[in-house]
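S.K.: Contents of entry21.txt (compact mmCIF, C-alpha atoms and all ligand atoms) are given next:
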```txt
# COMPACT_ATOMS: atom_id res chain seq x y z
CA MET A 136 -29.66 36.52 -34.71
CA PRO A 137 -31.76 36.39 -31.55
CA SER A 138 -34.48 39.03 -31.48
CA SER A 139 -33.99 41.79 -28.94
CA HIS A 140 -35.95 40.21 -26.08
CA LEU A 141 -35.61 36.51 -26.67
CA THR A 142 -34.61 34.51 -23.61
CA ALA A 143 -32.88 31.14 -23.58
CA ARG A 144 -35.99 29.54 -22.06
CA ALA A 145 -38.31 31.03 -24.69
CA SER A 146 -36.02 29.58 -27.38
CA GLY A 147 -36.07 26.12 -25.81
CA LEU A 148 -32.47 26.53 -24.71
CA VAL A 149 -30.76 26.38 -21.34
CA ARG A 150 -27.65 27.99 -19.89
CA CYS A 151 -25.44 25.58 -17.98
CA PRO A 152 -25.10 26.89 -14.39
CA THR A 153 -21.49 25.72 -14.27
CA CYS A 154 -19.84 26.39 -17.64
CA ALA A 155 -22.45 28.75 -19.17
CA LEU A 156 -22.79 26.73 -22.38
CA VAL A 157 -26.11 27.43 -24.08
CA SER A 158 -27.62 24.20 -25.38
CA GLY A 159 -30.91 22.45 -26.06
CA THR A 160 -30.39 19.94 -23.22
CA ARG A 161 -33.57 19.00 -21.34
CA ASP A 162 -33.97 19.88 -17.64
CA GLY A 163 -32.27 17.39 -15.36
CA LEU A 164 -29.97 16.06 -18.09
CA LEU A 165 -26.25 16.72 -18.28
CA CYS A 166 -24.52 19.61 -20.00
CA PRO A 167 -22.69 18.32 -23.10
CA ARG A 168 -19.58 20.38 -22.31
CA CYS A 169 -19.06 19.92 -18.52
CA SER A 170 -21.53 17.18 -17.49
CA SER A 171 -23.28 19.30 -14.84
CA SER A 172 -27.00 18.82 -14.43
CA VAL A 173 -28.83 21.69 -16.16
CA GLN A 174 -32.09 23.40 -15.12
CA ARG A 175 -33.85 26.25 -16.91
CA ARG A 176 -34.43 27.84 -13.51
CA LYS A 177 -33.03 26.98 -10.09
CA PRO A 178 -35.38 24.26 -8.79
CA ASP A 179 -37.91 25.36 -6.13
CA SER A 180 -36.11 28.69 -5.95
CA LEU A 181 -38.97 30.66 -4.35
CA GLN A 182 -39.85 28.07 -1.69
CA ARG A 183 -36.23 27.53 -0.72
CA THR A 184 -35.48 31.26 -0.62
CA TRP A 185 -38.59 31.90 1.51
CA ALA A 186 -37.66 29.12 3.95
CA LEU A 187 -34.05 30.30 4.33
CA THR A 188 -34.97 34.01 4.58
CA LEU A 189 -37.66 33.43 7.21
CA SER A 190 -35.33 31.20 9.24
CA ALA A 191 -32.67 33.93 9.11
CA GLY A 192 -35.25 36.52 10.20
CA ILE A 193 -36.37 34.43 13.16
CA LEU A 194 -32.82 33.66 14.32
CA TYR A 195 -31.91 37.33 14.00
CA VAL A 196 -33.85 37.88 17.28
CA PRO A 197 -31.77 35.57 19.53
CA ALA A 198 -28.64 36.71 17.66
CA ASN A 199 -29.29 40.19 19.05
CA ILE A 200 -30.66 39.19 22.47
CA TYR A 201 -27.83 36.88 23.50
CA PRO A 202 -24.45 38.46 24.23
CA ILE A 203 -21.79 38.10 21.57
CA MET A 204 -19.00 38.43 24.13
CA THR A 205 -18.14 39.33 27.70
CA VAL A 206 -15.06 41.39 28.47
CA ILE A 207 -14.03 40.68 32.05
CA LYS A 208 -11.64 43.28 33.49
CA MET A 209 -10.43 43.04 37.09
CA GLY A 210 -12.79 40.15 37.69
CA SER A 211 -15.93 41.95 36.61
CA GLY A 212 -17.61 42.54 33.31
CA GLU A 213 -20.99 42.47 31.71
CA PRO A 214 -22.03 40.46 28.67
CA LYS A 215 -22.48 42.61 25.56
CA THR A 216 -24.83 42.09 22.64
CA ILE A 217 -23.91 43.25 19.11
CA VAL A 218 -25.76 46.56 19.51
CA ALA A 219 -24.30 47.15 23.00
CA GLY A 220 -20.86 46.54 21.48
CA VAL A 221 -21.47 49.29 18.91
CA MET A 222 -22.75 51.63 21.68
CA ALA A 223 -19.58 50.98 23.70
CA LEU A 224 -17.45 51.92 20.70
CA ILE A 225 -19.40 55.17 20.27
CA GLU A 226 -18.97 55.99 23.98
CA ALA A 227 -15.24 55.37 23.60
CA ASN A 228 -15.28 57.88 20.70
CA MET A 229 -14.19 55.21 18.24
CA TRP A 230 -16.54 56.47 15.55
CA PRO A 231 -15.04 54.95 12.40
CA LEU A 232 -14.83 51.56 14.09
CA ALA A 233 -18.38 51.86 15.44
CA LEU A 234 -19.55 52.64 11.91
CA ILE A 235 -17.75 49.62 10.40
CA VAL A 236 -19.14 47.24 13.02
CA PHE A 237 -22.63 48.77 12.76
CA ILE A 238 -22.70 48.42 8.96
CA ALA A 239 -21.28 44.89 8.96
CA SER A 240 -23.32 43.50 11.84
CA VAL A 241 -26.61 45.40 11.70
CA ILE A 242 -27.14 47.06 8.30
CA VAL A 243 -25.82 44.20 6.12
CA PRO A 244 -27.78 41.26 7.65
CA LEU A 245 -30.99 43.27 8.14
CA GLY A 246 -30.66 44.85 4.70
CA LYS A 247 -30.18 41.43 3.17
CA ILE A 248 -33.29 40.02 4.80
CA ILE A 249 -35.32 43.08 3.68
CA ILE A 250 -33.99 42.89 0.09
CA LEU A 251 -34.74 39.15 -0.08
CA LEU A 252 -38.31 39.70 1.19
CA TYR A 253 -38.83 42.53 -1.33
CA LEU A 254 -37.48 40.40 -4.22
CA LEU A 255 -39.61 37.42 -3.20
CA ILE A 256 -42.83 39.43 -2.82
CA SER A 257 -42.25 41.48 -6.00
CA VAL A 258 -41.78 38.26 -8.00
CA GLN A 259 -44.84 36.61 -6.51
CA ILE A 260 -47.17 39.56 -7.17
CA GLY A 261 -45.71 39.89 -10.69
CA LEU A 262 -44.44 43.45 -10.27
CA LYS A 263 -43.66 44.88 -13.72
CA THR A 264 -41.63 47.94 -12.72
CA HIS A 265 -38.22 48.65 -11.17
CA LEU A 266 -36.60 45.71 -12.93
CA LYS A 267 -33.13 47.24 -13.17
CA GLU A 268 -33.38 48.59 -9.62
CA ARG A 269 -34.24 45.13 -8.35
CA MET A 270 -31.21 43.71 -10.15
CA ILE A 271 -29.02 46.36 -8.48
CA LEU A 272 -30.39 45.31 -5.08
CA TYR A 273 -29.72 41.68 -5.96
CA ARG A 274 -26.12 42.45 -6.92
CA LEU A 275 -25.59 44.59 -3.80
CA MET A 276 -26.72 41.67 -1.70
CA GLU A 277 -24.43 39.26 -3.57
CA THR A 278 -21.44 41.58 -3.24
CA PHE A 279 -21.69 42.65 0.39
CA GLY A 280 -23.55 39.72 1.94
CA HIS A 281 -20.55 38.01 3.48
CA TRP A 282 -19.19 41.12 5.23
CA SER A 283 -21.34 40.40 8.28
CA MET A 284 -18.99 37.51 9.05
CA VAL A 285 -16.54 40.11 10.39
CA ASP A 286 -18.09 39.94 13.87
CA ILE A 287 -17.59 36.18 14.07
CA PHE A 288 -13.94 36.47 13.02
CA LEU A 289 -13.44 39.35 15.45
CA VAL A 290 -14.77 37.42 18.45
CA THR A 291 -12.60 34.38 17.68
CA MET A 292 -9.50 36.61 17.45
CA LEU A 293 -10.27 38.59 20.60
CA ALA A 294 -11.08 35.47 22.61
CA THR A 295 -7.78 33.86 21.56
CA LEU A 296 -5.61 36.91 22.22
CA VAL A 297 -7.14 37.88 25.53
CA LYS A 298 -7.62 34.60 27.33
CA THR A 299 -4.90 34.04 29.87
CA GLY A 300 -4.03 37.62 30.68
CA SER A 301 -4.50 38.46 34.36
CA TRP A 302 -5.70 41.91 33.32
CA ALA A 303 -8.68 40.80 31.28
CA THR A 304 -10.53 37.87 29.73
CA ILE A 305 -12.84 37.81 26.73
CA GLU A 306 -15.50 35.13 26.71
CA PRO A 307 -17.52 34.42 23.58
CA GLY A 308 -21.30 34.30 24.10
CA MET A 309 -24.21 32.36 22.62
CA GLY A 310 -24.92 35.28 20.29
CA VAL A 311 -21.94 34.21 18.15
CA THR A 312 -23.56 30.90 17.22
CA PHE A 313 -26.92 32.50 16.44
CA PHE A 314 -25.38 35.38 14.50
CA GLY A 315 -23.14 33.01 12.52
CA THR A 316 -26.19 30.94 11.62
CA VAL A 317 -28.05 34.07 10.46
CA VAL A 318 -25.13 35.03 8.20
CA ILE A 319 -24.89 31.54 6.68
CA LEU A 320 -28.67 31.37 6.17
CA THR A 321 -28.75 34.74 4.37
CA LEU A 322 -25.85 33.64 2.15
CA LEU A 323 -27.69 30.42 1.28
CA ALA A 324 -30.93 32.34 0.70
CA ALA A 325 -29.23 34.73 -1.73
CA ARG A 326 -27.81 31.74 -3.63
CA ALA A 327 -31.18 29.98 -3.70
CA PHE A 328 -32.88 32.99 -5.29
CA ASP A 329 -32.98 32.91 -9.09
CA PRO A 330 -32.80 36.51 -10.40
CA ARG A 331 -34.24 35.39 -13.75
CA LEU A 332 -37.58 35.01 -11.96
CA VAL A 333 -37.74 38.81 -11.64
CA TRP A 334 -37.87 39.06 -15.45
CA ASP A 335 -40.05 35.97 -15.90
CA SER A 336 -42.70 37.28 -13.52
CA ALA A 337 -42.66 40.78 -15.03
CA HIS A 338 -43.42 39.19 -18.41
CA GLY A 339 -46.08 36.89 -16.99
CA HIS A 340 -44.11 33.67 -17.41
CA LEU A 341 -43.75 32.59 -13.78
CA MET B 166 -30.81 29.01 -36.11
CA PHE B 167 -28.44 26.07 -35.85
CA ARG B 168 -27.22 23.97 -38.71
CA GLY B 169 -26.79 20.48 -37.36
CA SER B 170 -26.11 18.66 -40.61
CA SER B 171 -22.35 18.95 -40.70
CA SER B 172 -22.02 18.57 -36.88
CA PRO B 173 -18.51 19.93 -36.46
CA LEU B 174 -17.04 19.40 -33.00
CA LEU B 175 -16.61 22.77 -31.36
CA PRO B 176 -16.20 23.85 -27.74
CA ASN B 177 -19.17 26.20 -27.98
CA PRO B 178 -20.95 25.73 -31.29
CA SER B 179 -24.17 27.56 -30.40
CA GLY B 180 -22.40 30.92 -30.67
CA LEU B 181 -24.79 32.16 -27.99
CA VAL B 182 -24.50 33.48 -24.46
CA ALA B 183 -27.46 33.65 -22.08
CA CYS B 184 -27.50 36.23 -19.28
CA HIS B 185 -27.20 34.51 -15.90
CA GLU B 186 -29.35 37.19 -14.29
CA CYS B 187 -32.18 37.67 -16.81
CA ASP B 188 -31.76 34.79 -19.32
CA LEU B 189 -31.61 37.08 -22.38
CA LEU B 190 -29.76 35.56 -25.35
CA HIS B 191 -26.79 37.31 -26.91
CA ARG B 192 -24.56 36.46 -29.84
CA LEU B 193 -21.11 35.36 -28.75
CA PRO B 194 -18.93 38.21 -30.06
CA THR B 195 -15.68 37.65 -31.87
CA ARG B 196 -13.25 37.39 -29.03
CA LYS B 197 -11.20 40.54 -28.85
CA ALA B 198 -8.57 40.89 -26.14
CA GLY B 199 -9.80 43.04 -23.29
CA SER B 200 -13.41 43.12 -24.42
CA VAL B 201 -16.26 42.95 -21.93
CA LEU B 202 -19.78 41.91 -22.92
CA SER B 203 -22.61 43.24 -20.76
CA CYS B 204 -26.25 42.23 -20.92
CA ARG B 205 -28.35 44.56 -23.10
CA ARG B 206 -31.32 44.25 -20.80
CA CYS B 207 -30.06 44.10 -17.20
CA GLY B 208 -26.42 45.18 -17.46
CA ALA B 209 -24.86 42.06 -15.91
CA VAL B 210 -21.33 41.29 -17.10
CA LEU B 211 -21.58 38.20 -19.31
CA LEU B 212 -18.06 37.71 -20.60
CA GLN B 213 -14.76 39.35 -19.93
CA ASN B 214 -12.00 38.56 -22.30
CA ARG B 215 -8.68 39.16 -20.58
CA PRO B 216 -5.39 39.17 -22.46
CA ASP B 217 -3.22 36.13 -21.59
CA SER B 218 -5.92 35.05 -19.16
CA ILE B 219 -4.63 31.57 -18.37
CA PRO B 220 -0.89 32.26 -17.72
CA ARG B 221 -1.76 35.51 -15.92
CA THR B 222 -4.35 33.86 -13.65
CA ALA B 223 -1.98 30.95 -12.99
CA ALA B 224 0.87 33.29 -12.00
CA LEU B 225 -1.30 35.44 -9.73
CA THR B 226 -2.86 32.35 -8.10
CA LEU B 227 0.59 30.84 -7.50
CA GLY B 228 1.66 34.06 -5.77
CA ALA B 229 -1.52 34.10 -3.66
CA PHE B 230 -1.03 30.45 -2.68
CA ILE B 231 2.60 30.95 -1.60
CA LEU B 232 1.66 34.00 0.47
CA PHE B 233 -1.22 32.05 2.01
CA ALA B 234 1.30 29.43 3.17
CA VAL B 235 3.25 32.29 4.81
CA VAL B 236 0.03 33.47 6.50
CA ASN B 237 -0.32 30.09 8.18
CA GLY B 238 3.25 29.96 9.48
CA PHE B 239 3.45 33.36 11.19
CA PRO B 240 1.53 35.27 13.85
CA LEU B 241 -1.40 37.36 12.69
CA LEU B 242 -1.66 39.60 15.73
CA ILE B 243 0.77 40.27 18.57
CA LEU B 244 -0.50 41.63 21.86
CA LYS B 245 1.98 43.28 24.21
CA ILE B 246 1.15 43.96 27.83
CA GLY B 247 3.44 44.50 30.80
CA GLY B 248 6.48 43.08 29.00
CA ARG B 249 4.58 39.94 28.02
CA GLU B 250 3.66 39.02 24.49
CA THR B 251 0.80 36.90 23.28
CA SER B 252 0.39 36.13 19.61
CA LEU B 253 -2.16 34.36 17.52
CA THR B 254 -2.03 32.56 14.22
CA LEU B 255 -4.95 32.05 11.86
CA ILE B 256 -5.44 28.42 12.93
CA GLU B 257 -5.14 29.16 16.67
CA GLY B 258 -7.77 31.87 16.24
CA ALA B 259 -10.12 29.48 14.52
CA LEU B 260 -9.68 26.69 17.09
CA GLU B 261 -10.02 28.78 20.27
CA LEU B 262 -13.83 28.72 20.32
CA GLY B 263 -13.63 24.94 20.57
CA ASN B 264 -12.48 25.48 24.17
CA HIS B 265 -15.86 27.10 24.76
CA GLY B 266 -17.71 24.21 23.17
CA MET B 267 -18.68 26.23 20.08
CA TRP B 268 -17.52 23.66 17.55
CA GLU B 269 -19.99 24.73 14.88
CA VAL B 270 -18.41 28.20 14.92
CA VAL B 271 -14.93 26.64 14.76
CA ILE B 272 -15.94 24.70 11.65
CA VAL B 273 -17.42 27.75 9.91
CA VAL B 274 -14.36 29.89 10.69
CA LEU B 275 -11.92 27.16 9.61
CA LEU B 276 -13.75 26.56 6.35
CA THR B 277 -14.20 30.22 5.35
CA SER B 278 -10.80 31.54 6.43
CA LEU B 279 -8.57 28.56 5.69
CA VAL B 280 -9.93 25.46 3.94
CA PHE B 281 -11.96 27.07 1.13
CA PRO B 282 -9.40 29.73 0.15
CA ALA B 283 -6.56 27.15 0.17
CA LEU B 284 -8.63 24.63 -1.79
CA HIS B 285 -9.63 27.32 -4.29
CA PHE B 286 -6.01 28.30 -4.98
CA LEU B 287 -4.81 24.68 -5.14
CA VAL B 288 -7.46 23.41 -7.52
CA LEU B 289 -7.10 26.45 -9.75
CA LEU B 290 -3.34 25.84 -9.95
CA TYR B 291 -3.91 22.16 -10.69
CA VAL B 292 -6.06 23.08 -13.69
CA LEU B 293 -4.28 26.21 -14.95
CA LEU B 294 -0.56 25.36 -14.62
CA PRO B 295 -0.72 22.39 -17.06
CA LEU B 296 -2.94 24.49 -19.36
CA THR B 297 -0.22 27.13 -19.68
CA LEU B 298 1.96 24.29 -21.07
CA GLY B 299 -0.80 23.23 -23.42
CA ARG B 300 -1.81 20.13 -21.44
CA VAL B 301 -5.19 19.31 -19.94
CA PRO B 302 -4.71 17.61 -16.54
CA PRO B 303 -6.87 14.58 -15.65
CA GLY B 304 -10.03 15.57 -13.79
CA ALA B 305 -9.76 19.19 -14.99
CA ILE B 306 -13.56 19.49 -15.34
CA THR B 307 -14.20 18.33 -11.76
CA GLY B 308 -11.38 20.51 -10.49
CA PHE B 309 -12.56 23.69 -12.20
CA LYS B 310 -16.12 23.05 -11.01
CA MET B 311 -14.83 22.70 -7.45
CA ALA B 312 -12.84 25.94 -7.70
CA ASP B 313 -15.99 27.80 -8.73
CA MET B 314 -18.05 26.14 -6.02
CA VAL B 315 -15.78 27.08 -3.10
CA ALA B 316 -14.84 30.57 -4.36
CA PRO B 317 -17.84 32.42 -2.88
CA TRP B 318 -17.26 30.84 0.54
CA GLY B 319 -13.66 32.01 0.95
CA MET B 320 -13.70 35.14 3.10
CA ILE B 321 -10.13 36.39 3.32
CA GLY B 322 -11.10 40.04 2.79
CA VAL B 323 -13.65 39.92 5.59
CA TYR B 324 -11.13 38.19 7.87
CA LEU B 325 -8.60 40.94 7.19
CA LEU B 326 -11.17 43.57 8.16
CA GLY B 327 -11.63 41.60 11.40
CA VAL B 328 -7.87 41.83 12.03
CA LEU B 329 -7.93 45.61 11.57
CA VAL B 330 -10.97 46.01 13.83
CA ALA B 331 -9.26 43.87 16.49
CA VAL B 332 -6.15 46.09 16.42
CA VAL B 333 -8.18 49.27 16.93
CA LYS B 334 -10.64 47.78 19.41
CA LEU B 335 -7.95 46.51 21.77
CA ALA B 336 -5.92 49.72 21.53
CA ASP B 337 -7.23 51.05 24.83
CA LEU B 338 -6.54 47.77 26.66
CA ALA B 339 -3.11 46.89 25.32
CA THR B 340 -0.67 47.37 22.46
CA VAL B 341 -1.69 45.20 19.56
CA VAL B 342 0.35 45.06 16.38
CA PRO B 343 -0.39 43.17 13.17
CA GLY B 344 2.12 40.36 12.58
CA VAL B 345 3.81 39.13 9.40
CA ALA B 346 0.75 37.03 8.60
CA ALA B 347 -1.53 40.09 8.56
CA TYR B 348 0.56 41.74 5.84
CA ALA B 349 0.82 38.46 3.95
CA LEU B 350 -2.96 38.12 4.16
CA GLY B 351 -3.27 41.58 2.61
CA GLY B 352 -1.05 40.31 -0.23
CA VAL B 353 -3.19 37.19 -0.63
CA LEU B 354 -6.27 39.40 -0.93
CA VAL B 355 -4.69 41.64 -3.59
CA LEU B 356 -3.27 38.75 -5.67
CA GLY B 357 -6.39 36.59 -5.24
CA THR B 358 -8.67 39.43 -6.38
CA ALA B 359 -6.42 40.15 -9.36
CA ALA B 360 -6.45 36.43 -10.25
CA GLY B 361 -10.26 36.40 -10.10
CA ARG B 362 -10.38 39.42 -12.42
CA ALA B 363 -7.92 37.86 -14.88
CA LEU B 364 -9.79 34.56 -15.14
CA ASP B 365 -11.72 34.08 -18.38
CA HIS B 366 -14.12 31.23 -17.61
CA GLU B 367 -15.32 30.76 -21.18
CA MET B 368 -11.74 30.35 -22.39
CA VAL B 369 -10.92 27.75 -19.74
CA TRP B 370 -14.12 25.78 -20.44
CA ASN B 371 -13.32 25.85 -24.15
CA ARG B 372 -9.96 24.27 -23.37
CA ILE B 373 -10.98 21.67 -20.78
CA GLY B 374 -14.63 20.93 -21.64
CA LYS B 375 -15.79 18.10 -23.84
CA SER B 376 -16.28 18.93 -27.50
CA VAL B 377 -19.91 19.45 -28.32
CA SER B 378 -21.45 18.38 -31.56
CA CYS B 379 -23.95 20.77 -33.11
CA HIS B 380 -26.81 18.30 -33.27
CA LEU B 381 -26.94 18.23 -29.45
CA LEU B 382 -28.03 21.82 -29.48
CA THR B 383 -31.44 21.62 -31.05
ZN ZN C 1 -21.79 23.02 -18.61
ZN ZN C 2 -29.38 40.23 -18.33
```
Is it possible to express this structure as structure tokens?
Ligand SMILES: [Zn+2]
Ligand SMILES: [Zn+2]
M.R.:
Amino acid sequence: MPSSHLTARASGLVRCPTCALVSGTRDGLLCPRCSSSVQRRKPDSLQRTWALTLSAGILYVPANIYPIMTVIKMGSGEPKTIVAGVMALIEANMWPLALIVFIASVIVPLGKIIILLYLLISVQIGLKTHLKERMILYRLMETFGHWSMVDIFLVTMLATLVKTGSWATIEPGMGVTFFGTVVILTLLAARAFDPRLVWDSAHGHL
Amino acid sequence: MFRGSSSPLLPNPSGLVACHECDLLHRLPTRKAGSVLSCRRCGAVLLQNRPDSIPRTAALTLGAFILFAVVNGFPLLILKIGGRETSLTLIEGALELGNHGMWEVVIVVLLTSLVFPALHFLVLLYVLLPLTLGRVPPGAITGFKMADMVAPWGMIGVYLLGVLVAVVKLADLATVVPGVAAYALGGVLVLGTAAGRALDHEMVWNRIGKSVSCHLLT
């Protein structure tokens, strides 16, 4: 019977990332049940997560500076950024919609970058407290991370529906590409992070 | 901890589960229908034993896949203005940004809204349908791995939210109504989520994985 705080790594065992079999296979060798390569921890997790998170943070700037779309009505229209789009919805009294778009396009990506930075720094300084809270943040990020894609889907649908109408045209802007890249980078960053490092570092085993 | 001398061939002879979020070891409990094992230390769900997991997941996935075919054959949104109607299907929506030279966006939208969800359902059916008849299909290990790999990148729920936002957002410009495909997509989301909940990974791996001899464990 494993003692109450014995980890697989401390017992010389490894959990297969694919089929979850616990075995004594050495790092880099294949799982005896499903033949996936096993690693005690995700390789270079911290470096890769840092690189992806920082890239997402940098690209978040052009994603918000460049317009995401331009609605041209009666031959005139001004390009709108993500935030300007939310403002327009508020002005039009579409509060619930404004809230959905604001959460999906501003809160979720920014929140993800902040959570990733907090997890990375807390692991690197060996923070010993708030372990369960950090796992909750990690799970939040895993669960809601992809909701920011809604803006990308929305622009593609609007641009397709409203393209030939004489009354209006919707043109996608450069912001779509940057914003899409930010979303993908944060998704990859969350996958690159190994939550087991939170516990390793708190117990001085990083 | 492990007795390797007799080396019986078992799907999971260690009798252990390690938490994927904190690495803590747990004893594999006797598998009781409907039981859920959570990590003692961090609370992550380690195992969920669902009754009739394989036939149930196969049936739900089959339903989701059929509805997803419907999604791709019918309009998602219909816009009515001045007696004229414009409609859009899922694929048309994904391809439109190609006309603006944004091919990287087209690829991301196609993969997340169409290719990955379809692939996920197909591969899962390929593995699970024969299993319900007691047969292990060739390449089951590769197939099940692929299903797990693409699952997080399928974004049908997010896409559906986009459809709803589009309907409301365009309301002041024109009349926009959700088409057959929008309702079908809602069905895909419900059935797909239920299939994900019903799937007992450990049970499937026990059936399709290679038998492991005890001496490999220590
Ligand atoms: Zn494995
Ligand atoms: Zn745990």
S.K.: In Å, rounded to a single decimal, give me how far CA of Thr216 in chain A is from CA of Ile200 in chain A.
M.R.: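 That distance, rounded to one decimal, is 6.5 Å.
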S.K.: Please identify every residue of chain A that has at least one atom no more than 7 Å from any atom of chain B, counting all atoms listed in the file, and report them as number ranges by chain.
M.R.: A: 137, 140-143, 150, 153-154, 156-160, 167-169, 232, 267, 282, 284-285, 288-289, 291-293, 295-296, 312, 330-331, 334
S.K.: Need to verify the contact set: Gly299 in chain B, 12 Å, only C-alpha atoms, exclusion of same-chain residues closer than 4 positions in sequence. Can you return it as number ranges by chain?
M.R.: B: 219-220, 292-295, 369, 372-373
S.K.: Between B:Leu193, B:Ile256, B:Leu364, B:Cys204, which has the minimum distance to ligand ZN 2 (chain C) (counting all atoms listed in the file)?
M.R.: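 Ranked by minimum distance to ligand ZN 2 (chain C), first place goes to B:Cys204.
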S.K.: Rounded to one decimal, what separation in Å do you get between CA of Gly228 in chain B and atom ZN of ligand ZN 1 (chain C)?
M.R.: 28.9 Å
S.K.: Show me, as a list of chain:residue names, the residues that have an atom within 10 Å of Met209 in chain A when counting all atoms listed in the file, minus same-chain residues fewer than 3 positions from it.
M.R.: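 These residues fall inside the cut-off: A:Val206, A:Gly212, A:Ser301, A:Trp302, A:Ala303, A:Thr304.
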S.K.: Report, in Å with one decimal, the straight-line distance from CA of Val315 in chain B to CA of Val288 in chain B.
M.R.: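 Here the two named atoms are 10.1 Å from each other.
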S.K.: Name the closest residue to ligand ZN 1 (chain C) among the candidates A:Leu320, A:Cys151, A:Leu234, A:Ala145; distances are taken between atoms, counting all atoms listed in the file.
M.R.: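 Closest to ligand ZN 1 (chain C), using all atoms listed in the file: A:Cys151.
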S.K.: Kindly indicate which residue among A:Ala337, A:Leu322, A:Ile305, A:Val173 lies nearest to Leu251 in chain A, using all atoms listed in the file for the distances.
M.R.: A:Leu322
S.K.: Write out as a list of chain:residue names the residues lying within 12 Å of Asn214 in chain B, counting all atoms listed in the file and excluding same-chain residues fewer than 4 positions away.
M.R.: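 The residues satisfying every condition are B:Leu193, B:Pro194, B:Thr195, B:Arg196, B:Lys197, B:Ala198, B:Gly199, B:Ser200, B:Val201, B:Leu202, B:Ser203, B:Val210, B:Ser218, B:Ile219, B:Arg362, B:Ala363, B:Leu364, B:Asp365, B:His366, B:Glu367, B:Met368, B:Val369.
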S.K.: Hey, can you pull every residue with an atom no more than 12 Å from (-19.2, 54.5, 16.6), using all atoms listed in the file, and send it as a compact mmCIF listing (two decimals) with C-alpha atoms, in the frame of the given file?
M.R.:
```txt
# COMPACT_ATOMS: atom_id res chain seq x y z
CA VAL A 218 -25.76 46.56 19.51
CA ALA A 219 -24.30 47.15 23.00
CA GLY A 220 -20.86 46.54 21.48
CA VAL A 221 -21.47 49.29 18.91
CA MET A 222 -22.75 51.63 21.68
CA ALA A 223 -19.58 50.98 23.70
CA LEU A 224 -17.45 51.92 20.70
CA ILE A 225 -19.40 55.17 20.27
CA GLU A 226 -18.97 55.99 23.98
CA ALA A 227 -15.24 55.37 23.60
CA ASN A 228 -15.28 57.88 20.70
CA MET A 229 -14.19 55.21 18.24
CA TRP A 230 -16.54 56.47 15.55
CA PRO A 231 -15.04 54.95 12.40
CA LEU A 232 -14.83 51.56 14.09
CA ALA A 233 -18.38 51.86 15.44
CA LEU A 234 -19.55 52.64 11.91
CA ILE A 235 -17.75 49.62 10.40
CA VAL A 236 -19.14 47.24 13.02
CA PHE A 237 -22.63 48.77 12.76
CA ILE A 238 -22.70 48.42 8.96
CA LYS B 334 -10.64 47.78 19.41
```
S.K.: Write out as a ChimeraX atom specification each polymer residue whose atoms come within 8 Å of Ala325 in chain A, counting only C-alpha atoms; drop sequence neighbours fewer than 2 positions from it.
M.R.: /A:184,251,276-277,321-323,327-328
S.K.: Would you mind telling me which residue in A:Ala155, A:Ile207, A:Val149, A:Ile217 lies nearest to ligand ZN 1 (chain C) when using all atoms listed in the file?
M.R.: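 Under the stated criterion, the closest residue is A:Ala155.
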S.K.: Could you name the residues that touch Leu272 in chain A at 12 Å or less, counting all atoms listed in the file, but leaving out those on the same chain fewer than 4 positions away, as a list in words?
M.R.: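 Here the qualifying residues turn out to be Gly246, Lys247, Ile248, Ile249, Ile250, Leu251, Leu252, Tyr253, Leu254, His265, Leu266, Lys267, Glu268, Met276, Glu277, Thr278, Phe279, Gly280, Ala325, Pro330 and Val333 of chain A.
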S.K.: May I ask which of the residues A:His340, A:Arg183, A:Lys215, A:Lys298 is the closest one to Arg326 in chain A, counting all atoms listed in the file?
M.R.: A:Arg183
